[in-house]
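S.K.: Contents of start.cif (mmCIF, C-alpha atoms and all ligand atoms) are given next:
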```
data_model
#
loop_
_atom_site.label_atom_id
_atom_site.label_comp_id
_atom_site.auth_asym_id
_atom_site.auth_seq_id
_atom_site.Cartn_x
_atom_site.Cartn_y
_atom_site.Cartn_z
CA MET M 1 -27.60 15.95 -16.53
CA GLY M 2 -25.36 15.39 -13.54
CA TYR M 3 -21.82 14.24 -13.00
CA VAL M 4 -20.32 10.78 -12.69
CA ASP M 5 -17.47 8.92 -10.98
CA LEU M 6 -16.47 5.64 -12.56
CA HIS M 7 -13.78 4.36 -10.20
CA LEU M 8 -14.78 3.70 -6.60
CA HIS M 9 -13.92 1.21 -3.86
CA THR M 10 -16.02 -0.16 -1.00
CA THR M 11 -15.51 -2.47 1.97
CA ALA M 12 -15.79 -5.37 -0.50
CA SER M 13 -12.09 -4.61 -1.19
CA ASP M 14 -10.00 -1.93 0.51
CA GLY M 15 -12.53 0.87 0.74
CA VAL M 16 -13.87 2.25 4.00
CA LEU M 17 -17.54 2.77 3.12
CA SER M 18 -19.96 -0.10 2.63
CA PRO M 19 -21.55 -0.19 -0.84
CA SER M 20 -24.77 1.41 0.48
CA GLU M 21 -22.85 4.10 2.35
CA LEU M 22 -20.84 4.88 -0.77
CA VAL M 23 -23.96 5.20 -2.92
CA ARG M 24 -25.66 7.41 -0.32
CA TYR M 25 -22.54 9.57 -0.16
CA ALA M 26 -22.55 9.86 -3.96
CA LYS M 27 -26.17 10.97 -3.80
CA ALA M 28 -25.37 13.55 -1.12
CA LYS M 29 -22.61 14.89 -3.39
CA GLY M 30 -25.07 15.21 -6.25
CA LEU M 31 -23.63 12.50 -8.50
CA GLN M 32 -25.93 10.95 -11.06
CA SER M 33 -24.00 7.80 -11.84
CA VAL M 34 -21.22 5.85 -10.10
CA ALA M 35 -19.33 2.64 -10.83
CA ILE M 36 -18.36 0.28 -8.03
CA THR M 37 -14.96 -1.08 -9.05
CA ASP M 38 -13.53 -3.08 -6.18
CA HIS M 39 -10.21 -4.89 -6.53
CA ASP M 40 -10.76 -8.38 -7.97
CA THR M 41 -14.29 -8.74 -6.64
CA ILE M 42 -17.90 -7.93 -7.54
CA GLU M 43 -19.13 -8.71 -4.04
CA GLY M 44 -20.17 -5.10 -3.34
CA CYS M 45 -22.20 -4.62 -6.53
CA GLU M 46 -25.49 -6.20 -5.54
CA GLU M 47 -25.85 -4.09 -2.40
CA GLY M 48 -24.79 -0.94 -4.24
CA LEU M 49 -27.26 -1.60 -7.04
CA SER M 50 -30.24 -1.99 -4.73
CA GLU M 51 -29.33 1.08 -2.67
CA GLY M 52 -28.92 3.04 -5.90
CA GLU M 53 -32.34 1.94 -7.05
CA ARG M 54 -33.84 2.90 -3.71
CA ILE M 55 -32.45 6.44 -3.60
CA GLY M 56 -32.16 7.21 -7.31
CA VAL M 57 -28.48 6.96 -8.19
CA GLU M 58 -27.38 4.95 -11.20
CA VAL M 59 -24.93 2.28 -10.04
CA ILE M 60 -22.76 0.58 -12.64
CA PRO M 61 -21.63 -2.89 -11.57
CA GLY M 62 -17.89 -3.03 -12.15
CA ILE M 63 -14.56 -4.41 -11.07
CA GLU M 64 -10.85 -3.53 -11.09
CA ILE M 65 -8.64 -6.49 -11.96
CA SER M 66 -4.89 -6.50 -11.26
CA ALA M 67 -3.28 -8.06 -14.30
CA GLU M 68 0.20 -9.47 -14.76
CA HIS M 69 2.47 -6.74 -16.06
CA SER M 70 5.92 -5.34 -15.72
CA PRO M 71 7.71 -3.04 -15.09
CA GLY M 72 4.71 -1.07 -13.74
CA SER M 73 1.32 -2.29 -12.63
CA MET M 74 -1.72 -2.84 -14.79
CA HIS M 75 -5.26 -2.50 -13.54
CA ILE M 76 -8.18 -3.27 -15.81
CA LEU M 77 -11.62 -1.88 -15.10
CA GLY M 78 -14.75 -3.74 -16.17
CA PHE M 79 -18.03 -1.79 -16.46
CA PHE M 80 -21.65 -2.93 -16.78
CA LEU M 81 -20.86 -6.50 -15.83
CA ASP M 82 -23.53 -9.15 -15.66
CA ILE M 83 -22.62 -9.98 -12.07
CA HIS M 84 -24.49 -13.29 -12.18
CA HIS M 85 -22.59 -14.52 -15.20
CA PRO M 86 -21.32 -18.04 -14.36
CA PHE M 87 -17.96 -17.72 -16.16
CA LEU M 88 -17.15 -14.42 -14.44
CA ASN M 89 -18.03 -15.87 -11.05
CA GLU M 90 -16.05 -19.03 -11.69
CA ARG M 91 -12.94 -17.00 -12.66
CA LEU M 92 -13.20 -14.79 -9.59
CA LYS M 93 -13.56 -17.84 -7.33
CA TYR M 94 -10.50 -19.33 -9.00
CA LEU M 95 -8.61 -16.10 -8.30
CA GLN M 96 -9.64 -16.17 -4.63
CA ARG M 97 -8.50 -19.75 -4.27
CA ALA M 98 -5.16 -19.04 -5.92
CA ARG M 99 -4.64 -15.99 -3.70
CA ALA M 100 -5.66 -17.94 -0.58
CA GLU M 101 -2.81 -20.36 -1.19
CA ARG M 102 -0.28 -17.56 -1.02
CA ASN M 103 -0.34 -16.92 2.74
CA PRO M 104 0.02 -20.54 3.88
CA LYS M 105 2.92 -20.84 1.37
CA MET M 106 4.66 -17.84 2.95
CA VAL M 107 4.17 -19.35 6.42
CA GLU M 108 5.73 -22.57 5.19
CA LYS M 109 8.72 -20.73 3.73
CA LEU M 110 9.25 -18.82 6.97
CA ARG M 111 9.09 -22.01 9.02
CA ARG M 112 11.68 -23.60 6.75
CA LEU M 113 13.86 -20.58 7.44
CA GLY M 114 13.61 -21.41 11.12
CA VAL M 115 11.03 -18.76 12.00
CA ASP M 116 8.44 -19.90 14.49
CA ILE M 117 5.16 -18.66 13.02
CA THR M 118 1.74 -20.19 12.33
CA PHE M 119 -0.98 -19.28 9.85
CA GLU M 120 -3.41 -18.81 12.76
CA GLU M 121 -1.19 -16.09 14.21
CA VAL M 122 -1.18 -14.20 10.92
CA VAL M 123 -4.95 -14.51 10.54
CA LYS M 124 -5.37 -13.23 14.10
CA ALA M 125 -3.10 -10.26 13.33
CA SER M 126 -5.33 -9.36 10.37
CA GLY M 127 -8.30 -8.94 12.69
CA GLY M 128 -10.49 -11.03 10.41
CA GLY M 129 -9.95 -8.96 7.27
CA GLN M 130 -7.93 -9.75 4.15
CA VAL M 131 -4.55 -11.22 5.16
CA GLY M 132 -1.49 -9.53 3.71
CA ARG M 133 2.23 -9.13 4.24
CA PRO M 134 1.87 -6.31 6.81
CA HIS M 135 0.17 -8.85 9.11
CA PHE M 136 3.12 -11.21 8.68
CA ALA M 137 5.44 -8.34 9.59
CA ASN M 138 3.40 -7.57 12.72
CA VAL M 139 3.64 -11.18 13.91
CA LEU M 140 7.39 -11.28 13.23
CA LEU M 141 7.82 -8.06 15.18
CA GLU M 142 5.62 -9.16 18.05
CA LYS M 143 7.51 -12.45 18.38
CA LYS M 144 10.81 -10.57 18.22
CA HIS M 145 12.10 -12.29 15.09
CA VAL M 146 12.83 -8.82 13.77
CA ARG M 147 13.42 -5.45 15.40
CA SER M 148 11.29 -3.41 13.06
CA PHE M 149 8.46 -3.64 10.57
CA GLN M 150 10.87 -2.62 7.82
CA GLU M 151 13.33 -5.36 8.78
CA ALA M 152 10.56 -7.94 8.40
CA PHE M 153 10.07 -6.82 4.81
CA ASP M 154 13.77 -6.47 4.01
CA ARG M 155 14.82 -9.83 5.41
CA PHE M 156 11.79 -11.96 4.62
CA LEU M 157 8.78 -10.43 2.92
CA LYS M 158 9.72 -8.04 0.13
CA LYS M 159 9.71 -9.19 -3.49
CA GLY M 160 12.73 -11.40 -4.01
CA ALA M 161 13.24 -12.01 -0.26
CA PRO M 162 13.39 -15.66 0.91
CA ALA M 163 9.82 -15.92 2.23
CA TYR M 164 8.20 -13.99 -0.62
CA VAL M 165 5.59 -15.70 -2.78
CA ASP M 166 4.26 -14.04 -5.91
CA LYS M 167 0.64 -12.98 -5.87
CA PHE M 168 -1.39 -14.83 -8.47
CA ARG M 169 -2.56 -12.57 -11.28
CA PHE M 170 -4.52 -13.10 -14.47
CA THR M 171 -2.98 -11.96 -17.72
CA SER M 172 -4.61 -8.94 -19.36
CA LYS M 173 -5.94 -11.28 -22.03
CA GLU M 174 -7.64 -13.50 -19.47
CA ALA M 175 -9.08 -10.53 -17.57
CA LEU M 176 -10.46 -8.85 -20.71
CA HIS M 177 -11.86 -12.16 -21.87
CA PHE M 178 -13.98 -12.79 -18.80
CA ILE M 179 -15.03 -9.12 -18.60
CA ASN M 180 -16.25 -9.30 -22.19
CA GLU M 181 -17.87 -12.69 -21.71
CA ALA M 182 -19.84 -11.22 -18.80
CA LYS M 183 -21.10 -8.46 -21.15
CA GLY M 184 -18.80 -5.89 -19.61
CA VAL M 185 -16.67 -3.16 -21.15
CA GLY M 186 -12.92 -3.40 -20.43
CA VAL M 187 -10.96 -0.21 -19.79
CA VAL M 188 -7.32 0.19 -18.80
CA ALA M 189 -7.13 2.08 -15.47
CA HIS M 190 -4.75 4.95 -14.68
CA PRO M 191 -2.25 4.32 -17.53
CA ASN M 192 0.33 6.40 -15.65
CA THR M 193 1.10 3.32 -13.51
CA LEU M 194 1.93 1.11 -16.50
CA GLY M 195 5.55 2.23 -16.37
CA MET M 196 5.75 2.69 -20.13
CA ASN M 197 8.62 4.63 -21.58
CA GLY M 198 7.19 7.33 -23.78
CA TYR M 199 4.16 7.55 -26.02
CA TRP M 200 5.07 4.88 -28.57
CA GLU M 201 5.71 2.19 -26.02
CA LEU M 202 2.37 3.00 -24.41
CA GLU M 203 0.61 2.96 -27.77
CA LYS M 204 2.10 -0.42 -28.61
CA LEU M 205 0.85 -1.84 -25.32
CA VAL M 206 -2.61 -0.33 -25.80
CA LEU M 207 -2.82 -1.85 -29.28
CA ARG M 208 -2.04 -5.25 -27.83
CA LEU M 209 -4.74 -4.74 -25.22
CA VAL M 210 -7.22 -3.75 -27.93
CA GLU M 211 -6.52 -7.05 -29.68
CA GLU M 212 -7.29 -8.73 -26.38
CA GLY M 213 -10.65 -6.95 -26.06
CA LEU M 214 -9.90 -3.54 -24.52
CA GLN M 215 -12.47 -0.84 -25.34
CA GLY M 216 -11.41 2.22 -23.38
CA ILE M 217 -8.85 4.22 -21.44
CA GLU M 218 -9.28 5.84 -18.05
CA VAL M 219 -8.17 9.30 -19.12
CA TYR M 220 -9.38 11.34 -16.13
CA TYR M 221 -7.74 10.35 -12.87
CA PRO M 222 -6.52 12.44 -9.92
CA GLU M 223 -2.87 11.43 -10.42
CA HIS M 224 -2.85 12.35 -14.11
CA SER M 225 -1.26 15.67 -15.00
CA ALA M 226 -2.84 17.89 -17.64
CA ALA M 227 -0.20 16.57 -20.06
CA ASP M 228 -1.10 12.96 -19.19
CA VAL M 229 -4.79 13.67 -19.81
CA ALA M 230 -4.01 15.21 -23.20
CA LYS M 231 -1.77 12.26 -24.13
CA TYR M 232 -4.29 9.58 -23.12
CA LYS M 233 -7.10 11.45 -24.83
CA THR M 234 -5.14 11.54 -28.08
CA LEU M 235 -4.40 7.87 -27.75
CA ALA M 236 -8.09 7.09 -27.21
CA GLU M 237 -9.13 9.22 -30.16
CA ARG M 238 -6.53 7.72 -32.47
CA HIS M 239 -7.79 4.22 -31.81
CA GLY M 240 -11.51 4.84 -31.38
CA LEU M 241 -11.42 3.98 -27.69
CA LEU M 242 -13.78 5.15 -24.97
CA VAL M 243 -12.67 7.83 -22.57
CA THR M 244 -13.58 7.20 -18.92
CA GLY M 245 -12.61 8.73 -15.61
CA GLY M 246 -12.91 8.34 -11.89
CA THR M 247 -11.38 9.35 -8.60
CA ASP M 248 -10.39 5.95 -7.15
CA TYR M 249 -12.03 7.16 -3.96
CA HIS M 250 -11.55 4.70 -1.10
CA GLY M 251 -13.85 6.38 1.39
CA MET M 252 -11.37 8.53 3.22
CA GLU M 253 -10.23 12.07 2.74
CA LYS M 254 -6.75 11.22 1.56
CA ASN M 255 -4.82 14.34 0.51
CA GLY M 256 -8.11 16.09 0.05
CA LEU M 257 -9.36 13.59 -2.52
CA ASP M 258 -13.13 13.30 -2.62
CA ILE M 259 -15.75 11.40 -4.58
CA GLY M 260 -16.79 12.95 -7.91
CA VAL M 261 -14.31 15.81 -7.83
CA GLY M 262 -10.97 14.20 -6.99
CA ARG M 263 -8.83 17.04 -5.68
CA GLY M 264 -11.39 19.54 -6.77
CA GLU M 265 -10.63 19.66 -10.47
CA MET M 266 -12.80 16.84 -11.80
CA LYS M 267 -16.22 17.19 -13.35
CA LEU M 268 -17.05 14.17 -15.44
CA PRO M 269 -20.16 14.55 -17.59
CA TYR M 270 -22.84 11.89 -17.97
CA SER M 271 -21.95 11.53 -21.66
CA ILE M 272 -19.09 9.23 -20.52
CA VAL M 273 -21.70 6.75 -19.29
CA GLU M 274 -23.80 7.15 -22.43
CA ASN M 275 -20.78 6.36 -24.59
CA LEU M 276 -20.05 3.28 -22.49
CA LYS M 277 -23.62 2.09 -22.99
CA THR M 278 -23.46 2.67 -26.73
CA VAL M 279 -20.24 0.73 -27.15
CA ARG M 280 -21.53 -2.04 -24.94
CA SER M 281 -24.78 -2.54 -26.83
CA ARG M 282 -22.91 -2.35 -30.13
CA SER M 283 -20.55 -5.16 -29.08
CA LEU M 284 -23.37 -7.24 -27.62
CA SER M 285 -25.39 -7.05 -30.83
CA GLY M 286 -22.27 -7.87 -32.83
CA ARG M 287 -21.82 -11.22 -31.13
ZN ZN M 301 -5.89 0.79 -9.63
ZN ZN M 302 -8.90 1.57 -7.86
#
```
Take the structure I supplied and represent it as structure tokens, if you would.
Ligand SMILES: [Zn+2]
Ligand SMILES: [Zn+2]
M.R.:
Amino acid sequence: MGYVDLHLHTTASDGVLSPSELVRYAKAKGLQSVAITDHDTIEGCEEGLSEGERIGVEVIPGIEISAEHSPGSMHILGFFLDIHHPFLNERLKYLQRARAERNPKMVEKLRRLGVDITFEEVVKASGGGQVGRPHFANVLLEKKHVRSFQEAFDRFLKKGAPAYVDKFRFTSKEALHFINEAKGVGVVAHPNTLGMNGYWELEKLVLRLVEEGLQGIEVYYPEHSAADVAKYKTLAERHGLLVTGGTDYHGMEKNGLDIGVGRGEMKLPYSIVENLKTVRSRSLSGR
């Protein structure tokens, strides 16, 4: 039995490799099973699944949803999604629409502040990809409204600045609901980013998430220290939650991080996938 990597990004979100390239790379690295977990989209799954079938790599259709949370950030992974499920697709379309409203709103705010900028200019600056605040900053810089990229953020674009508009996010409850409805398994990603103060605060949050439909914790992650891993593993064991892991590989050799192995220390056994399947079929038959 080979190794697995259950947290990977493709060009469907901010990854560099196309879904087929990613799956072929996984095969070349000897992985048996991989999950495609792009940010807020399942668009890369279909292509990844068929390439996986063609070359003999198990591809798990997944997603990584950014949920509303403070003080840190909360990402929720969904595994084994029915990617054709109407409710899931409707929710993701809703999310896209809500997000699409953000950029025109920021343009409007800037114009009200007396800044001469159009939405077309920002779209052009993005080069046809996903539009974000860095593209706004580039336009502001190019048109000499600011003297530096940083000034664009400080004066206009950073959270709390006058042209800032909050990104729309689902609540964890909403995200877990549509993941479960689409026959998926919901897992909280890299708990080290949740910004929780100590074990008890984290446990309290995890218990709330369990009530909302959470079934696992991403215990193995390149940014987790050995102490983190031990802590999250205990938490999972105490509450009968699944243990998953992945590298969050985005297709580039960032600080020596690679698919399957992270920074060289990861080796995730196939039993992680088997456990996911068991829990999934148990919850499906319990409905
Ligand atoms: Zn994440
Ligand atoms: Zn990720």
S.K.: Give me the residues of region 53-108 of chain M that have any atom at most 12 Å from an atom of region 151-168 of chain M; for each, the nearest atom pair and the distance in Å, rounded to one decimal. Use only C-alpha atoms, sort by chain and number, and format it as a Markdown table.
M.R.:
```
| residue | atom | partner | partner_atom | distance |
| --- | --- | --- | --- | --- |
| M:Ile65 | CA | M:Phe168 | CA | 11.6 |
| M:Ser66 | CA | M:Phe168 | CA | 9.5 |
| M:Ala67 | CA | M:Phe168 | CA | 9.1 |
| M:Glu68 | CA | M:Phe168 | CA | 8.4 |
| M:His69 | CA | M:Phe168 | CA | 11.7 |
| M:Leu92 | CA | M:Phe168 | CA | 11.9 |
| M:Tyr94 | CA | M:Phe168 | CA | 10.2 |
| M:Leu95 | CA | M:Phe168 | CA | 7.3 |
| M:Gln96 | CA | M:Phe168 | CA | 9.2 |
| M:Arg97 | CA | M:Phe168 | CA | 9.6 |
| M:Ala98 | CA | M:Phe168 | CA | 6.2 |
| M:Arg99 | CA | M:Phe168 | CA | 5.9 |
| M:Ala100 | CA | M:Phe168 | CA | 9.5 |
| M:Glu101 | CA | M:Phe168 | CA | 9.3 |
| M:Arg102 | CA | M:Val165 | CA | 6.4 |
| M:Asn103 | CA | M:Val165 | CA | 8.2 |
| M:Pro104 | CA | M:Val165 | CA | 9.9 |
| M:Lys105 | CA | M:Val165 | CA | 7.1 |
| M:Met106 | CA | M:Ala163 | CA | 5.6 |
| M:Val107 | CA | M:Ala163 | CA | 7.8 |
| M:Glu108 | CA | M:Ala163 | CA | 8.3 |
```
S.K.: Restrict the calculation to all atoms listed in the file, then for each residue of chain M with any atom at most 7 Å from an atom of ligand ZN 301 (chain M) give the closest atom pair and their distance in Å to one decimal, rows by chain and rising residue number, as CSV.
M.R.:
```
residue,atom,partner,partner_atom,distance
M:Glu64,CA,M:ZN301,ZN,6.7
M:His75,CA,M:ZN301,ZN,5.1
M:Ala189,CA,M:ZN301,ZN,6.1
M:His190,CA,M:ZN301,ZN,6.6
```
S.K.: Taking all atoms listed in the file into account, list the residues no farther than 10 Å from ligand ZN 302 (chain M), as a list of chain:residue names.
M.R.: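 My answer, listing the contacting residues, is M:Leu6, M:His7, M:Leu8, M:His9, M:Ser13, M:Asp14, M:Gly15, M:Ile36, M:Thr37, M:Asp38, M:His39, M:Ile63, M:Glu64, M:Ile65, M:Ser66, M:His75, M:Ile76, M:Leu77, M:Ala189, M:His190, M:Gly246, M:Thr247, M:Asp248, M:Tyr249, M:His250.
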S.K.: Can you spit out the residues from that selection as a PDB file, in the frame of the given file, using C-alpha atoms?
M.R.:
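result10.pdb, written as the output of this step:
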```pdb
ATOM      1  CA  LEU M   6     -16.470   5.640 -12.560  1.00  0.00           C
ATOM      2  CA  HIS M   7     -13.780   4.360 -10.200  1.00  0.00           C
ATOM      3  CA  LEU M   8     -14.780   3.700  -6.600  1.00  0.00           C
ATOM      4  CA  HIS M   9     -13.920   1.210  -3.860  1.00  0.00           C
ATOM      5  CA  SER M  13     -12.090  -4.610  -1.190  1.00  0.00           C
ATOM      6  CA  ASP M  14     -10.000  -1.930   0.510  1.00  0.00           C
ATOM      7  CA  GLY M  15     -12.530   0.870   0.740  1.00  0.00           C
ATOM      8  CA  ILE M  36     -18.360   0.280  -8.030  1.00  0.00           C
ATOM      9  CA  THR M  37     -14.960  -1.080  -9.050  1.00  0.00           C
ATOM     10  CA  ASP M  38     -13.530  -3.080  -6.180  1.00  0.00           C
ATOM     11  CA  HIS M  39     -10.210  -4.890  -6.530  1.00  0.00           C
ATOM     12  CA  ILE M  63     -14.560  -4.410 -11.070  1.00  0.00           C
ATOM     13  CA  GLU M  64     -10.850  -3.530 -11.090  1.00  0.00           C
ATOM     14  CA  ILE M  65      -8.640  -6.490 -11.960  1.00  0.00           C
ATOM     15  CA  SER M  66      -4.890  -6.500 -11.260  1.00  0.00           C
ATOM     16  CA  HIS M  75      -5.260  -2.500 -13.540  1.00  0.00           C
ATOM     17  CA  ILE M  76      -8.180  -3.270 -15.810  1.00  0.00           C
ATOM     18  CA  LEU M  77     -11.620  -1.880 -15.100  1.00  0.00           C
ATOM     19  CA  ALA M 189      -7.130   2.080 -15.470  1.00  0.00           C
ATOM     20  CA  HIS M 190      -4.750   4.950 -14.680  1.00  0.00           C
ATOM     21  CA  GLY M 246     -12.910   8.340 -11.890  1.00  0.00           C
ATOM     22  CA  THR M 247     -11.380   9.350  -8.600  1.00  0.00           C
ATOM     23  CA  ASP M 248     -10.390   5.950  -7.150  1.00  0.00           C
ATOM     24  CA  TYR M 249     -12.030   7.160  -3.960  1.00  0.00           C
ATOM     25  CA  HIS M 250     -11.550   4.700  -1.100  1.00  0.00           C
TER      26      HIS M 250
END
```
S.K.: Which distance in Å separates CA of Phe136 (chain M) and CA of Asn89 (chain M), to one decimal?
M.R.: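 Answer for the CA of Phe136 (chain M) to CA of Asn89 (chain M) separation: 29.3 Å.
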S.K.: Please indicate the distance in Å from CA of Ser148 (chain M) to CA of Gly114 (chain M), rounded to one decimal place.
M.R.: 18.3 Å
S.K.: Scan for residues within 10 Å of the point (-25.4, -1.6, 0.3) in the coordinates of the file, using only C-alpha atoms, and reply as a VMD selection string.
M.R.: chain M and resid 10 17 to 24 44 to 52
S.K.: Compile the contact shell of Gly264 (chain M) as JSON, numbers by chain: residues with an atom at most 12 Å away, counting all atoms listed in the file, same-chain residues fewer than 5 positions apart removed.
M.R.: {"M": [221, 222, 247, 255, 256, 257, 258, 259]}
S.K.: Work out how far CA of His145 (chain M) is from CA of Leu113 (chain M), in Å to one decimal.
M.R.: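 Result for CA of Leu113 (chain M) versus CA of His145 (chain M): 11.4 Å, one decimal.
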S.K.: Give the padded box for region 216-221 of chain M as AutoDock Vina command-line options: axis-aligned, covering all atoms listed in the file, 8 Å on each side, centre and edge lengths in Å to one decimal.
M.R.:
```
--center_x -9.6 --center_y 6.8 --center_z -18.1 --size_x 19.7 --size_y 25.1 --size_z 26.5
```
S.K.: Please provide the set of residues having any atom within 10 Å of Glu203 (chain M), restricted to all atoms listed in the file, with same-chain residues fewer than 3 positions apart removed, written as a list in words.
M.R.: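 Residues meeting the cut-off are Met196, Gly198, Tyr199, Trp200, Val206, Leu207, Arg208, Leu209, Tyr232, Leu235, Ala236, Arg238 and His239 of chain M.
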S.K.: Would you tabulate, counting all atoms listed in the file, all residues of region 150-255 of chain M that have an atom at most 10 Å from an atom of region 78-85 of chain M, showing the closest pair of atoms and their distance in Å to one decimal, sorted by chain then ascending number, as a tab-separated table?
M.R.:
```
residue	atom	partner	partner_atom	distance
M:Ala175	CA	M:Gly78	CA	9.0
M:Leu176	CA	M:Gly78	CA	8.1
M:Phe178	CA	M:Gly78	CA	9.5
M:Ile179	CA	M:Gly78	CA	5.9
M:Asn180	CA	M:Gly78	CA	8.3
M:Glu181	CA	M:His85	CA	8.2
M:Ala182	CA	M:Asp82	CA	5.3
M:Lys183	CA	M:Leu81	CA	5.7
M:Gly184	CA	M:Leu81	CA	4.3
M:Val185	CA	M:Phe79	CA	5.1
M:Gly186	CA	M:Gly78	CA	4.6
M:Val187	CA	M:Gly78	CA	6.3
M:Val188	CA	M:Gly78	CA	8.8
M:Ala189	CA	M:Gly78	CA	9.6
M:Leu214	CA	M:Gly78	CA	9.7
M:Gln215	CA	M:Gly78	CA	9.9
M:Gly216	CA	M:Gly78	CA	9.9
```
